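A.B. asks: Okay, handing you the structure first.
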Amino acid sequence: MGHTRLVRLPGTRKWSAVVGLLESGAPDATVLSATATAAERDLAAAACNPVFVEAVRLLCQIPMAARSDNFAASLRHEGLDAGAAPGLLDIVMAASQKLDEARAGMRSADDFAELSARALVSTISDTFGSALPGLLDPDPEHLRIEVRKFATPEGFQRLSRTFFDKLLDATLRYWLDRALPKQTGEGRRFRTMGDRGAFDAAMSQYVSEATRIIKEFSRGWYAKVAVSGQSVPSDRAAAFGHVAFKKIGEELRRKCDADD
């Protein structure tokens with residue numbers, strides 16, 4: 001995972017409008033609102049993307065697997081071969097391979113699949129890694145205990161918020177990162193790198209505010225899942241992802257209306 005290059009060029013009218021707003025010096029809020037509108041189609045179709053669905057499923061299942069004393073066997077049951085004594089890197093690599101398999105089964109690769117895979121890998125690496133402060137080479141059992149803490153409504157709330165925050169941010173930046181370098185320099189929108197940094201900070205804040213809406217939803221949803229103690233099937237993961245992005249989309253539209 002991660003070797004695929006994202007090469008499809010923007011061509012829709014909405015994305016062209018975003019570029020026009022950048023070039024005209026429109027306020028940051030206006031540019032961000034237009035970017036969210038341009039990305040709406042990708043977000044609405046997320047539940048039909050096999051890699052996105054598998055990423056959501058793994059987000060649920062990896063912590064659940066850590067409930068078992070035999071973490072490695074439970075991961076294998078979920079299709080993740082992380083070795084006999086899984087470390088953090090082993091889990092990350094196993095998840096990457098599983099998402100590669102999901103992408104290989106698609107009729108044609110698409111950019112949102114790649115962004116979904118990257119968001120999942122980054123989420124588990126960052127969140128599980130941050131639970132191991134100061135431990136360069138944690139004992140596998142210590143890692144299992146820490147990962148198990150995410151198999152709670154509160155833990156899943158943190159995981160899902162991080163995942164959707166990363167994925168939404170990557171989706172909105174997908175086209176912007178092609179256009180923004182051309183807008184940096186003397187006489188352009190971003191005269192200095194500091195100006196560009198301020199825009200990036202505004203983008204991060206915009207995304208964070210939009211994904212906040214799924215916190216209670218994800219917590220309540222996982223509370224029901226955790227009670228059953230059963231594996232989350234793909235169709236249920238897809239349904240969760242669909243509703244999560246629907247709520248995020250509604251929040252983005254609300255923010256757009258507020259900016260008008």
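Going by the structure tokens order, chains are called A, B, ..., each with residues numbered from 1, while ligands are numbered from 1 in the order shown.
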Among range 72-233 of chain A, which residues does DSSP mark as alpha helix (DSSP H) when it is run on the backbone? Keep the chain and numbering as in the structure and answer as a PyMOL selection string.
C.D. replies: chain A and resi 72-77+88-104+111-130+140-148+153-179+193-211+215-228
A.B. asks: Residues near range 224-235 of chain A, anyone? I mean within 9 Å using only C-alpha atoms, not counting same-chain ones fewer than 6 positions away, as a PyMOL selection string.
C.D. replies: chain A and resi 50+53-54+56-58+60-61+64+78+151-153
A.B. asks: With a distance cut-off of 8 Å and only C-alpha atoms, select the neighbouring residues of range 241-254 of chain A, excluding the residue or stretch itself and same-chain residues fewer than 2 positions from it, and output the selection as a list of chain:residue names.
C.D. replies: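 Near range 241-254 of chain A, the qualifying residues are A:Ser33, A:Ala36, A:Thr37, A:Glu40, A:Leu43, A:Ala44, A:Ala46, A:Ala47, A:Val53, A:Val56, A:Ala210, A:Thr211, A:Ile213, A:Ile214, A:Phe217, A:Ser218, A:Ala237, A:Ala238, A:Ala239, A:Cys256, A:Asp257, A:Ala258.
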A.B. asks: What's the 12 Å shell around Glu154 in chain A, counting only C-alpha atoms, without same-chain residues fewer than 2 positions away, as a CSV table (one decimal) with N, CA and C atoms, in the first residue's frame?
C.D. replies:
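Below is the file that was written, part.csv:
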chain,number,residue,atom,x,y,z
A,148,ARG,N,-6.6,-3.1,22.9
A,148,ARG,CA,-7.9,-3.5,23.4
A,148,ARG,C,-8.7,-2.4,24.0
A,149,LYS,N,-8.0,-1.3,24.5
A,149,LYS,CA,-8.7,-0.2,25.0
A,149,LYS,C,-9.5,0.6,24.0
A,150,PHE,N,-9.2,0.3,22.7
A,150,PHE,CA,-10.0,1.0,21.7
A,150,PHE,C,-11.3,0.2,21.3
A,151,ALA,N,-11.4,-1.0,21.9
A,151,ALA,CA,-12.6,-1.8,21.7
A,151,ALA,C,-13.7,-1.4,22.7
A,152,THR,N,-13.9,-0.2,22.9
A,152,THR,CA,-15.0,0.4,23.7
A,152,THR,C,-15.6,1.5,22.9
A,156,PHE,N,-13.6,3.6,20.2
A,156,PHE,CA,-14.0,3.6,18.8
A,156,PHE,C,-14.3,5.0,18.4
A,157,GLN,N,-14.9,5.8,19.3
A,157,GLN,CA,-15.2,7.2,18.9
A,157,GLN,C,-14.0,7.9,18.5
A,158,ARG,N,-12.9,7.7,19.3
A,158,ARG,CA,-11.6,8.3,18.9
A,158,ARG,C,-11.0,7.8,17.6
A,159,LEU,N,-11.1,6.5,17.4
A,159,LEU,CA,-10.6,5.9,16.2
A,159,LEU,C,-11.3,6.5,15.0
A,160,SER,N,-12.7,6.4,15.0
A,160,SER,CA,-13.5,6.8,13.9
A,160,SER,C,-13.3,8.3,13.6
A,161,ARG,N,-13.3,9.1,14.6
A,161,ARG,CA,-13.1,10.5,14.4
A,161,ARG,C,-11.8,10.8,13.7
A,215,LYS,N,-19.1,12.2,16.4
A,215,LYS,CA,-18.6,11.6,17.7
A,215,LYS,C,-19.6,10.8,18.4
A,216,GLU,N,-20.8,11.4,18.6
A,216,GLU,CA,-21.8,10.7,19.4
A,216,GLU,C,-22.4,9.6,18.6
A,217,PHE,N,-22.6,9.8,17.3
A,217,PHE,CA,-23.1,8.7,16.4
A,217,PHE,C,-22.2,7.5,16.5
A,218,SER,N,-20.9,7.7,16.3
A,218,SER,CA,-20.0,6.5,16.3
A,218,SER,C,-19.9,5.9,17.6
A,219,ARG,N,-20.0,6.6,18.7
A,219,ARG,CA,-20.0,6.0,20.0
A,219,ARG,C,-21.2,5.2,20.3
A,220,GLY,N,-22.4,5.7,19.9
A,220,GLY,CA,-23.6,5.0,20.1
A,220,GLY,C,-23.7,3.7,19.2
A,221,TRP,N,-23.2,3.9,18.0
A,221,TRP,CA,-23.2,2.7,17.1
A,221,TRP,C,-22.3,1.6,17.6
A,222,TYR,N,-21.1,2.0,18.1
A,222,TYR,CA,-20.2,0.9,18.5
A,222,TYR,C,-20.7,0.3,19.8
A,223,ALA,N,-21.4,1.0,20.6
A,223,ALA,CA,-22.0,0.4,21.9
A,223,ALA,C,-22.8,-0.8,21.6
A,226,ALA,N,-20.4,-3.6,20.2
A,226,ALA,CA,-19.6,-4.2,21.2
A,226,ALA,C,-20.4,-5.2,22.1
A.B. asks: Rank A:Ala119, A:Ile145, A:Ala95, A:Ile62 by their smallest atom-to-atom distance to Leu132 in chain A, using only C-alpha atoms, and report the top residue only.
C.D. replies: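 Using only C-alpha atoms, the shortest distance to Leu132 in chain A belongs to A:Ile145.
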A.B. asks: What's the 10 Å shell around Gly25 in chain A, counting only C-alpha atoms, without same-chain residues fewer than 6 positions away, as a count of residues only?
C.D. replies: 5
A.B. asks: Near range 127-131 of chain A, counting only C-alpha atoms, which residues have an atom at most 8 Å away, once you skip same-chain residues fewer than 5 positions from it, shown as a list in words?
C.D. replies: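 Residues meeting the cut-off are Leu88, Glu146, Val147 and Leu159 of chain A.
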A.B. asks: Okay, now the selection with C-alpha atoms, as a compact mmCIF listing (two decimals), in the first residue's frame?
C.D. replies:
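Writing the result to out-v4.txt gives the following:
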# COMPACT_ATOMS: atom_id res chain seq x y z
CA LEU A 88 2.58 -2.28 15.75
CA GLU A 146 -3.34 -0.95 24.74
CA VAL A 147 -5.10 -1.81 21.45
CA LEU A 159 -10.58 5.94 16.18
A.B. asks: Quick one: of A:Trp175, A:Phe52, A:Phe199, A:Phe164, who's nearest to Ala38 in chain A, counting only C-alpha atoms?
C.D. replies: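 Closest to Ala38 in chain A of all the choices is A:Trp175.
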A.B. asks: Have a look at A:His142, A:Lys14, A:Lys255, A:Arg103 and name the one nearest to Phe71 in chain A; count only C-alpha atoms.
C.D. replies: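 Smallest distance to Phe71 in chain A is found for A:His142.
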A.B. asks: When distances are computed from only C-alpha atoms, which of A:Leu143, A:Val121, A:Ala84, A:Ala29 shows the smallest separation from Pro63 in chain A?
C.D. replies: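 Among the listed residues, A:Leu143 lies closest to Pro63 in chain A.
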A.B. asks: With only C-alpha atoms as the basis for distance, which of A:Arg41, A:Arg191, A:Arg212, A:Lys166 is at the shortest distance from Ser116 in chain A?
C.D. replies: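 So, comparing all the options, the nearest one is A:Lys166.
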A.B. asks: Might you pull out every residue within 8 Å of Asn49 in chain A, with only C-alpha atoms counted and same-chain residues fewer than 4 positions away left off, and present them as a PyMOL selection string?
C.D. replies: chain A and resi 45+53+112-113
A.B. asks: Please compute the CA of Asp81 in chain A-CA of Asp165 in chain A distance, one decimal, in Å.
C.D. replies: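 Interatomic distance here is 27.3 Å.
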A.B. asks: Nearest to Leu180 in chain A: which of A:Gly197, A:Arg13, A:Gln205, A:Leu168 is it, counting only C-alpha atoms?
C.D. replies: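 Of all the options, A:Gly197 lies closest to Leu180 in chain A.
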